Structures are given as C-alpha cells and as structure tokens.
$ cat query00.cif   # mmCIF, C-alpha atoms
data_run
#
loop_
_atom_site.label_atom_id
_atom_site.label_comp_id
_atom_site.auth_asym_id
_atom_site.auth_seq_id
_atom_site.Cartn_x
_atom_site.Cartn_y
_atom_site.Cartn_z
CA ALA A 1 5.36 8.28 31.67
CA PRO A 2 7.24 11.41 30.54
CA ALA A 3 9.29 9.49 27.97
CA ALA A 4 6.16 8.04 26.38
CA ALA A 5 4.60 11.51 26.28
CA ARG A 6 7.68 12.87 24.49
CA VAL A 7 7.45 10.11 21.89
CA GLU A 8 3.74 10.80 21.40
CA ASP A 9 4.38 14.54 20.99
CA ALA A 10 7.22 13.95 18.52
CA LEU A 11 5.11 11.61 16.41
CA ALA A 12 2.12 13.95 16.50
CA GLU A 13 4.35 16.76 15.23
CA ARG A 14 5.60 14.53 12.41
CA TYR A 15 1.99 13.80 11.49
CA ARG A 16 1.01 17.49 11.44
CA GLU A 17 4.04 18.32 9.31
CA ALA A 18 3.13 15.64 6.78
CA GLN A 19 -0.47 16.86 6.61
CA ALA A 20 0.74 20.42 6.03
CA ALA A 21 3.23 19.28 3.39
CA CYS A 22 0.56 17.64 1.26
CA ALA A 23 -2.35 20.02 1.95
CA GLY A 24 -2.02 21.85 -1.34
CA TYR A 25 -1.68 18.61 -3.28
CA VAL A 26 -4.78 17.15 -1.60
CA GLN A 27 -6.84 20.24 -2.49
CA ASP A 28 -5.61 20.42 -6.09
CA ALA A 29 -8.50 19.34 -8.33
CA GLY A 30 -6.09 18.62 -11.16
CA SER A 31 -4.33 15.97 -9.09
CA LYS A 32 -7.46 14.04 -8.16
CA ARG A 33 -6.83 11.22 -10.63
CA GLU A 34 -3.20 10.90 -9.61
CA ARG A 35 -4.15 10.73 -5.93
CA LYS A 36 -6.67 8.00 -6.68
CA GLN A 37 -4.04 6.00 -8.58
CA LEU A 38 -1.59 6.37 -5.70
CA ARG A 39 -4.18 5.18 -3.18
CA MET A 40 -5.13 2.21 -5.34
CA ALA A 41 -1.50 1.19 -5.86
CA LEU A 42 -0.71 1.36 -2.13
CA THR A 43 -3.88 -0.55 -1.26
CA GLN A 44 -3.07 -3.26 -3.77
CA HIS A 45 0.46 -3.73 -2.44
CA VAL A 46 -0.72 -4.02 1.17
CA GLN A 47 -3.61 -6.35 0.33
CA GLN A 48 -1.22 -8.64 -1.57
CA VAL A 49 1.02 -9.23 1.46
CA ALA A 50 1.03 -12.94 2.21
CA ALA A 51 2.69 -15.15 4.82
CA THR A 52 5.68 -16.34 2.78
CA GLN A 53 9.23 -15.00 2.82
CA GLN A 54 9.13 -14.61 -0.97
CA GLN A 55 5.97 -12.51 -0.99
CA VAL A 56 7.08 -10.43 1.99
CA ALA A 57 10.33 -9.60 0.20
CA ARG A 58 8.54 -8.78 -3.06
CA LYS A 59 5.92 -6.51 -1.52
CA ALA A 60 8.46 -4.76 0.71
CA GLN A 61 10.70 -4.00 -2.26
CA GLU A 62 7.79 -2.81 -4.40
CA LEU A 63 6.45 -0.51 -1.70
CA ALA A 64 9.88 0.91 -0.90
CA ALA A 65 10.54 1.54 -4.61
CA ALA A 66 7.17 3.25 -5.03
CA LEU A 67 7.93 5.63 -2.16
CA GLN A 68 11.48 6.30 -3.31
CA GLN A 69 10.18 7.37 -6.72
CA LEU A 70 8.38 10.22 -4.97
CA GLN A 71 11.45 11.60 -3.18
CA GLY A 72 11.69 14.55 -5.57
CA ALA A 73 8.07 15.47 -4.92
CA PRO A 74 7.68 16.15 -1.16
CA ALA A 75 3.94 16.84 -1.30
CA LYS A 76 3.21 13.61 -3.18
CA GLN A 77 5.49 11.62 -0.91
CA ALA A 78 3.85 13.01 2.24
CA PHE A 79 0.43 12.16 0.79
CA ALA A 80 1.59 8.63 -0.08
CA LEU A 81 3.07 8.03 3.38
CA LEU A 82 -0.12 9.16 5.11
CA ARG A 83 -2.27 7.03 2.83
CA LEU A 84 0.01 4.04 3.40
CA ALA A 85 -0.59 4.37 7.15
CA ASP A 86 -4.34 4.51 6.53
CA VAL A 87 -4.27 1.44 4.28
CA VAL A 88 -2.14 -0.57 6.72
CA LEU A 89 -4.41 0.13 9.68
CA ALA A 90 -7.51 -0.61 7.62
CA GLN A 91 -5.96 -3.94 6.68
CA CYS A 92 -5.10 -4.51 10.32
CA GLU A 93 -8.73 -4.01 11.32
CA VAL A 94 -9.81 -6.61 8.78
CA GLN A 95 -7.02 -9.18 8.62
CA VAL A 96 -5.15 -9.09 11.94
CA VAL A 97 -8.34 -9.03 13.99
CA LYS A 98 -9.59 -12.13 12.16
CA LEU A 99 -6.24 -13.90 11.71
CA ASN A 100 -3.79 -12.77 14.38
CA GLN A 101 -0.73 -14.32 12.76
CA PHE A 102 -1.12 -12.04 9.73
CA ALA A 103 0.50 -9.38 11.93
CA PHE A 104 3.91 -10.99 11.29
CA PRO A 105 4.21 -10.72 7.48
CA LEU A 106 2.60 -7.29 7.51
CA ALA A 107 5.07 -6.12 10.16
CA GLN A 108 8.06 -7.49 8.23
CA VAL A 109 7.02 -5.56 5.14
CA LEU A 110 6.59 -2.36 7.15
CA VAL A 111 9.93 -2.67 8.93
CA HIS A 112 11.75 -3.14 5.63
CA VAL A 113 9.97 -0.17 4.08
CA GLY A 114 10.74 1.88 7.20
CA ARG A 115 14.46 1.14 6.87
CA GLN A 116 14.46 2.48 3.32
CA ALA A 117 12.06 5.38 4.01
CA PRO A 118 12.23 6.23 7.75
CA PRO A 119 9.30 8.70 7.69
CA ALA A 120 7.03 5.80 6.74
CA MET A 121 7.46 4.14 10.14
CA ALA A 122 7.16 7.41 12.07
CA LEU A 123 3.89 8.31 10.34
CA LEU A 124 2.51 4.79 10.75
CA MET A 125 3.25 4.93 14.48
CA ALA A 126 1.75 8.41 14.69
CA LYS A 127 -1.45 7.23 13.02
CA LEU A 128 -1.53 4.11 15.18
CA GLN A 129 -1.26 6.18 18.35
CA ARG A 130 -4.07 8.44 17.12
CA LYS A 131 -6.35 5.44 16.67
CA CYS A 132 -5.16 3.35 19.63
CA LYS A 133 -4.12 4.99 22.90
CA MET A 134 -2.64 1.69 24.09
CA ALA A 135 0.11 2.02 21.48
CA VAL A 136 1.57 4.88 23.56
CA PRO A 137 0.56 3.34 26.08
CA MET A 138 -1.98 5.75 27.56
CA TYR A 139 -5.24 5.46 29.46
CA LEU A 140 -7.63 8.35 30.06
CA PRO A 141 -9.59 7.92 33.33
CA TYR A 142 -13.23 8.94 33.18
CA TYR A 143 -14.31 11.94 35.25
CA LYS A 144 -17.85 13.02 34.52
CA GLU A 145 -17.09 16.71 35.06
CA LEU A 146 -14.31 16.69 32.43
CA TYR A 147 -16.33 15.45 29.46
CA PRO A 148 -19.59 16.72 27.92
CA SER A 149 -20.85 13.13 27.73
CA GLU A 150 -19.75 9.54 28.14
CA GLU A 151 -19.81 9.22 24.36
CA ALA A 152 -17.33 12.09 24.02
CA TYR A 153 -15.03 10.31 26.47
CA LEU A 154 -15.28 7.00 24.61
CA LEU A 155 -14.50 8.71 21.30
CA LEU A 156 -11.31 10.07 22.87
CA GLN A 157 -10.45 6.56 24.03
CA GLY A 158 -10.66 5.39 20.42
CA TYR A 159 -14.21 4.17 19.89
CA SER A 160 -15.45 4.67 16.33
CA LYS A 161 -18.73 6.09 15.14
CA SER A 162 -20.27 6.34 11.68
CA GLY A 163 -21.98 9.69 11.09
CA ASP A 164 -24.96 10.16 13.36
CA GLY A 165 -25.15 6.47 14.19
CA PRO A 166 -24.34 4.87 17.55
CA LEU A 167 -20.87 4.10 18.82
CA GLU A 168 -19.44 0.71 17.96
CA SER A 169 -19.99 -1.94 20.61
CA ALA A 170 -17.44 -2.48 23.36
CA ASP A 171 -16.67 -5.95 21.97
CA ASP A 172 -15.94 -4.50 18.51
CA PHE A 173 -13.78 -1.76 20.01
CA PHE A 174 -11.68 -4.16 22.07
CA ALA A 175 -11.29 -6.49 19.08
CA ARG A 176 -9.86 -3.55 17.09
CA LEU A 177 -7.66 -2.52 20.00
CA SER A 178 -6.28 -6.05 20.16
CA GLY A 179 -5.56 -6.05 16.42
CA TYR A 180 -3.74 -2.72 16.57
CA VAL A 181 -1.61 -3.84 19.52
CA MET A 182 -0.75 -7.11 17.76
CA LEU A 183 0.52 -5.23 14.71
CA PHE A 184 2.43 -2.84 16.99
CA ALA A 185 3.98 -5.77 18.87
CA ALA A 186 4.83 -7.57 15.63
CA ILE A 187 6.71 -4.52 14.36
CA LEU A 188 8.71 -4.16 17.57
CA GLN A 189 9.69 -7.83 17.74
CA THR A 190 10.71 -8.12 14.07
CA ASP A 191 14.38 -8.96 13.53
CA ARG A 192 16.33 -6.27 11.67
CA PRO A 193 16.59 -6.33 8.70
CA PRO A 194 13.62 -8.64 8.06
CA VAL A 195 14.11 -9.05 4.32
CA GLY A 196 17.11 -8.55 2.07
CA GLN A 197 20.18 -6.48 2.87
CA ALA A 198 21.36 -3.01 1.93
CA PRO A 199 23.48 -3.08 -1.26
CA PRO A 200 27.25 -3.47 -0.61
CA GLY A 201 28.77 -0.24 0.63
CA GLN A 202 25.38 1.31 1.42
CA GLN A 203 23.53 1.81 4.68
CA PRO A 204 19.76 1.88 5.24
CA ALA A 205 18.30 5.35 4.85
CA ARG A 206 18.53 7.60 7.91
CA ALA A 207 16.55 10.65 8.89
CA GLN A 208 16.98 13.49 11.33
CA LEU A 209 14.66 12.56 14.16
CA PRO A 210 12.82 15.06 16.37
CA ASP A 211 13.61 14.95 20.09
CA GLY A 212 11.78 12.06 21.70
CA GLU A 213 11.28 9.96 18.57
CA PRO A 214 12.93 6.52 18.78
CA ALA A 215 15.69 5.85 16.24
CA ASP A 216 14.56 2.25 15.90
CA TRP A 217 11.21 0.64 16.62
CA GLY A 218 12.67 -2.62 17.86
CA VAL A 219 12.71 -4.96 20.83
CA GLN A 220 14.03 -2.29 23.22
CA GLN A 221 10.91 -0.27 22.52
CA ALA A 222 8.84 -3.39 23.20
CA TRP A 223 10.44 -3.73 26.63
CA ARG A 224 9.88 -0.05 27.42
CA TRP A 225 6.24 -0.28 26.33
CA LEU A 226 5.63 -3.29 28.57
CA ALA A 227 7.28 -1.62 31.56
CA ARG A 228 5.31 1.58 31.06
CA LEU A 229 1.99 -0.24 30.84
CA LEU A 230 2.60 -2.26 34.00
CA ASN A 231 4.20 0.56 36.02
CA HIS A 232 2.05 3.53 35.09
CA LEU A 233 -1.41 2.37 33.96
CA PRO A 234 -4.27 0.86 35.95
CA ALA A 235 -5.29 -2.78 35.70
CA ASN A 236 -8.54 -2.77 33.71
CA ARG A 237 -10.06 -4.10 30.51
CA TYR A 238 -8.13 -1.63 28.33
CA THR A 239 -4.69 -2.53 29.63
CA ALA A 240 -5.47 -6.23 30.04
CA THR A 241 -6.62 -6.52 26.44
CA ALA A 242 -3.49 -4.72 25.25
CA LEU A 243 -1.20 -6.81 27.47
CA ASP A 244 -2.76 -10.08 26.32
CA ALA A 245 -2.37 -9.12 22.64
CA PHE A 246 1.17 -7.83 23.10
CA LEU A 247 2.48 -10.91 24.92
CA LYS A 248 0.89 -13.26 22.40
CA ILE A 249 2.91 -11.68 19.59
CA ALA A 250 6.08 -10.32 21.22
CA GLY A 251 6.51 -12.43 24.36
CA TRP A 252 8.76 -15.06 22.77
CA ARG A 253 11.09 -12.43 21.32
CA LEU A 254 11.20 -10.52 24.61
CA HIS A 255 12.18 -13.69 26.45
CA GLN A 256 14.91 -14.34 23.89
CA GLU A 257 16.29 -10.86 24.52
CA TYR A 258 15.73 -10.34 28.25
CA GLY A 259 15.56 -13.86 29.71
CA ARG A 260 15.18 -13.82 33.50
CA GLN A 261 14.15 -10.16 33.53
CA PHE A 262 11.17 -11.04 31.35
CA VAL A 263 10.29 -14.04 33.52
CA LYS A 264 10.43 -11.80 36.60
CA LEU A 265 8.11 -9.33 34.90
CA LEU A 266 5.62 -12.11 34.12
CA ARG A 267 5.70 -13.13 37.76
CA PHE A 268 4.54 -9.60 38.57
CA VAL A 269 1.75 -9.99 36.00
CA LEU A 270 0.68 -13.29 37.55
CA LEU A 271 0.87 -12.34 41.22
CA ASP A 272 0.08 -8.62 41.23
CA TYR A 273 -1.42 -7.31 38.00
CA ILE A 274 -4.02 -10.07 37.55
CA ALA A 275 -5.00 -9.74 41.21
CA GLU A 276 -5.89 -6.09 40.60
CA LEU A 277 -8.25 -6.88 37.72
CA LYS A 278 -11.81 -6.62 38.98
CA VAL A 279 -13.39 -9.54 37.16
CA ALA A 280 -16.47 -9.42 39.40
CA GLU A 281 -17.18 -5.85 38.26
CA GLU A 282 -16.19 -6.48 34.63
CA PRO A 283 -17.20 -10.05 33.71
CA GLU A 284 -15.92 -9.40 30.16
CA LEU A 285 -12.43 -9.64 31.64
CA ALA A 286 -12.77 -13.31 32.56
CA ALA A 287 -11.52 -14.75 29.25
CA THR A 288 -8.62 -12.29 29.10
CA VAL A 289 -7.56 -13.09 32.66
CA THR A 290 -7.68 -16.82 31.87
CA ARG A 291 -5.39 -16.31 28.86
CA LEU A 292 -2.94 -14.14 30.80
CA ARG A 293 -2.78 -16.61 33.68
CA SER A 294 -2.26 -19.50 31.27
CA TYR A 295 0.47 -17.60 29.42
CA CYS A 296 2.42 -17.04 32.61
CA GLU A 297 1.80 -20.38 34.36
CA HIS A 298 2.41 -22.56 31.31
CA ARG A 299 5.36 -20.47 30.11
CA GLU A 300 3.84 -20.07 26.67
CA PHE A 301 6.59 -17.58 25.83
CA LEU A 302 8.88 -20.57 25.24
CA GLN A 303 6.95 -21.40 22.07
CA VAL A 304 7.53 -19.46 18.86
CA PRO A 305 4.19 -17.75 18.13
CA ALA A 306 2.19 -19.11 15.21
CA GLY A 307 2.97 -17.17 12.05
CA ARG A 308 6.37 -15.83 13.03
CA GLU A 309 8.29 -18.46 11.07
CA MET A 310 7.10 -18.32 7.47
CA PRO A 311 7.77 -20.78 4.62
CA PHE A 312 9.87 -19.49 1.73
CA SER A 313 7.01 -19.81 -0.76
CA ASP A 314 3.53 -21.30 -1.12
#

$ encode --input "query00.cif" --output "structure tokens"
Amino acid sequence: APAAARVEDALAERYREAQAACAGYVQDAGSKRERKQLRMALTQHVQQVAATQQQVARKAQELAAALQQLQGAPAKQAFALLRLADVVLAQCEVQVVKLNQFAFPLAQVLVHVGRQAPPAMALLMAKLQRKCKMAVPMYLPYYKELYPSEEAYLLLQGYSKSGDGPLESADDFFARLSGYVMLFAAILQTDRPPVGQAPPGQQPARAQLPDGEPADWGVQQAWRWLARLLNHLPANRYTATALDAFLKIAGWRLHQEYGRQFVKLLRFVLLDYIAELKVAEEPELAATVTRLRSYCEHREFLQVPAGREMPFSD
C-alpha cells in the first residue's frame, strides 16, 4: 500500500539520520567506555521491566529521564536511542517469544518513553521494520531470477544468520516474527498515556515529523495495519503468523474501538482469508489456521488478553 510505503520510507530516513548523527561518537576511541556504560544502563532498565503497574511506571520514568539528560548532546542521544531499540528487540526475541504477555508491560514502558522523547518511538519502529517486514506490513514474493540465491531472498525476508553458519530454521524465524508482531501490536493497542500524566500546564514532548510518519502509534495505526495486511498481502505462512500474533494481542482493543467493523473484518478472515491458506502445501500452517478459526468462531476478542491488566505491585 502506498501509505505503508511512505511510513516505511519516513522511518528509514529517521534511522539513517540517527546513524549519521552518532557516527563520529561511535568511532571516537575516547568515548568507548562511556558508550559501554550507556549500553549497560539501557540494557539494565529494559531487563528490569516487570508486569506490575509500579515497575512499569518506575522503569518508564527512569528511561525517559536518562534520555532527557542527553538532550544537549545530539550524538550521544542518537546513539542511546539506537541502542535502546536494539536492546528492546533483543529482549523481545528472548522474553516475548517465550512469554507472550510480556509484550504488554514492555509496550507500556515504550509508549511512555515515546511520549517524552518522540524520536525513541520512531527509531524503535524503524528498527522493527528493518528486522520484521510484517511490521510494515510487507511481503516480498520469491522470483528465482531476481535473487542470486534462495538464501539471499530469505535474508531479505528477515531470516538471521551467524557468520558463515547456516540460516536459522523456519520455525525459529516464525517464532521471532510472532514475537516482533506481538510487541508491535502491544504498542499500538496501549492506552495513552499508559503511566503517569504530564505535569500540570505541560504537554507531552512533540517533534516535527517527516511526511508519512504517524503522529501517534495508537489503535488507528493498528486498524490500518490490519486492513493493509488483509487487503494487499497474500494469504501464506508469513501473513498468517503475523495475523495470529496481532489479533492475540490487539484484537480485544480493536473490538472496543471499532465494534461491528472489527467483527465484519473477522468474518472476512474466517470465510475468505483462511480459505486461501494452502494448508495441504504448507502443513506448518495447520496450527495457525486452527488458532485463527477458533479466535473468530469463539469470539475470543471479547476476552481481555492475558497480561494486559497488571496488578499494582508484586
């Protein structure tokens, strides 16, 4: 979809600008220790996120404060924002893949930080789209004549590879894809503001946004993403895995917002989209199809997803 392509281009430009802004700082040997300390601090904050309102608020405030302290140093701030995106997605690969409901507290922290430091959300989304095409959403069809090898094609689709070793397995790739999409969905469905309020008389930080970049990564973006996936992408394992993960996390919130429109869309999923999935040719799709059919037929979107409602404290 043209609109999705504009968003992708705008985010990619943001990412390139941030890389350029911190290039000198990254190459400065004298700043090596400082960079390491920044990375360690960001990693610690993200790893300490837990599923309680108290801890979400604490970690969000600490991360936002850490980034705000760098406002007078653009190179350091750009470096910190890029590293934060790396740390978040690394945590997603570990935690969200294993425990899907962890997407909710992590998303709440990120939304709060993004309200105080808007470039943080833009760069996270840019990094997410670099690692997961389904966050656009985008699917690259395979044409043998366009790629030097099938491996080259799979790398473009988002498969990972360590050095000269083999590509990760398809099961590992689709598990990561599911985790990324769950975090993406959790961010979009998060109520604004998730924690705390702006001080009296103040508004959340704003930034001048490039053409195409959404002003708010909220439920409207979730609806647009869902429509784009179903209207413009083929029914296959890539899109089915993404759709299954997205509905699991954001379906309840979408139904709250769009009601009958959302139910009508799920009827399309049940009667048309699922019918197009070629389970006979891709037996790995069977479990995903079963979950999608169950979600639609049993109206699982009426239940608040596990993990969305968090206790105040341990």

$ residues_around --input "query00.cif" --residues "segment 49-62 of chain A" --least-positions-apart "4" --cutoff "10 Å" --atoms "all atoms listed in the file" --output "ChimeraX atom specification"
/A:42,44-45,66-68,101-114,116,194-196,307-314

$ atom_distance --input "query00.cif" --atom1 "atom CA of Met125 of chain A" --atom2 "atom CA of Leu82 of chain A"
10.8 Å

$ resolve_selection --input "query00.cif" --expression "the PyMOL selection byres ((chain A and resi 121) around 12)" --output "count of residues only"
42

$ resolve_selection --input "query00.cif" --expression "the PyMOL selection byres ((chain A and resi 281-293) around 9)" --output "PyMOL selection string"
chain A and resi 171+236-237+240-241+243-244+247+269-270+274+277-280+294-298

$ write_last_selection --input "query00.cif" --atoms "C-alpha atoms" --output "compact mmCIF listing (two decimals), keeping the file's coordinate frame"
# COMPACT_ATOMS: atom_id res chain seq x y z
CA ASP A 171 -16.67 -5.95 21.97
CA ASN A 236 -8.54 -2.77 33.71
CA ARG A 237 -10.06 -4.10 30.51
CA ALA A 240 -5.47 -6.23 30.04
CA THR A 241 -6.62 -6.52 26.44
CA LEU A 243 -1.20 -6.81 27.47
CA ASP A 244 -2.76 -10.08 26.32
CA LEU A 247 2.48 -10.91 24.92
CA VAL A 269 1.75 -9.99 36.00
CA LEU A 270 0.68 -13.29 37.55
CA ILE A 274 -4.02 -10.07 37.55
CA LEU A 277 -8.25 -6.88 37.72
CA LYS A 278 -11.81 -6.62 38.98
CA VAL A 279 -13.39 -9.54 37.16
CA ALA A 280 -16.47 -9.42 39.40
CA SER A 294 -2.26 -19.50 31.27
CA TYR A 295 0.47 -17.60 29.42
CA CYS A 296 2.42 -17.04 32.61
CA GLU A 297 1.80 -20.38 34.36
CA HIS A 298 2.41 -22.56 31.31

$ closest_residue --input "query00.cif" --among "A:Gly24, A:Gly30, A:Gly158, A:Gly165" --to "Tyr139 of chain A" --atoms "all atoms listed in the file"
A:Gly158

$ closest_residue --input "query00.cif" --among "A:Ala10, A:Leu38, A:Leu140, A:Gln48" --to "Tyr153 of chain A" --atoms "all atoms listed in the file"
A:Leu140

$ residues_around --input "query00.cif" --residues "segment 254-268 of chain A" --least-positions-apart "6" --cutoff "8 Å" --atoms "all atoms listed in the file" --output "list of chain:residue names"
A:Gln189, A:Val219, A:Ala222, A:Trp223, A:Cys296, A:Phe301, A:Leu302

$ residues_around --input "query00.cif" --residues "Met134 of chain A" --least-positions-apart "5" --cutoff "9 Å" --atoms "all atoms listed in the file" --output "MDAnalysis selection string"
chainID A and resid 129 139 177 180:181 229 238:239 242

$ closest_residue --input "query00.cif" --among "A:Leu89, A:Leu167, A:Leu63, A:Tyr147" --to "Lys131 of chain A" --atoms "all atoms listed in the file"
A:Leu89

$ axis_aligned_box --input "query00.cif" --around "segment 224-238 of chain A" --padding-each-side "8 Å" --output "JSON"
{"center_x": -0.1, "center_y": -0.3, "center_z": 31.2, "size_x": 35.9, "size_y": 23.6, "size_z": 25.7}

$ atom_distance --input "query00.cif" --atom1 "atom CA of Ser178 of chain A" --atom2 "atom CA of Val97 of chain A"
7.2 Å

$ closest_residue --input "query00.cif" --among "A:Tyr273, A:Trp252, A:Phe174, A:Tyr143" --to "Ala306 of chain A" --atoms "all atoms listed in the file"
A:Trp252

$ closest_residue --input "query00.cif" --among "A:Lys76, A:Arg299, A:Arg6, A:Arg39" --to "Val26 of chain A" --atoms "only C-alpha atoms"
A:Lys76

$ residues_near_point --input "query00.cif" --point "(9.3, 2.1, 28.9)" --cutoff "12 Å" --atoms "all atoms listed in the file" --output "PyMOL selection string"
chain A and resi 1-7+135-138+214+219-233

$ atom_distance --input "query00.cif" --atom1 "atom CA of Leu156 of chain A" --atom2 "atom CA of Ala175 of chain A"
17.0 Å

$ closest_residue --input "query00.cif" --among "A:Leu155, A:Ser149, A:Arg35, A:Tyr142" --to "Arg130 of chain A" --atoms "all atoms listed in the file"
A:Leu155
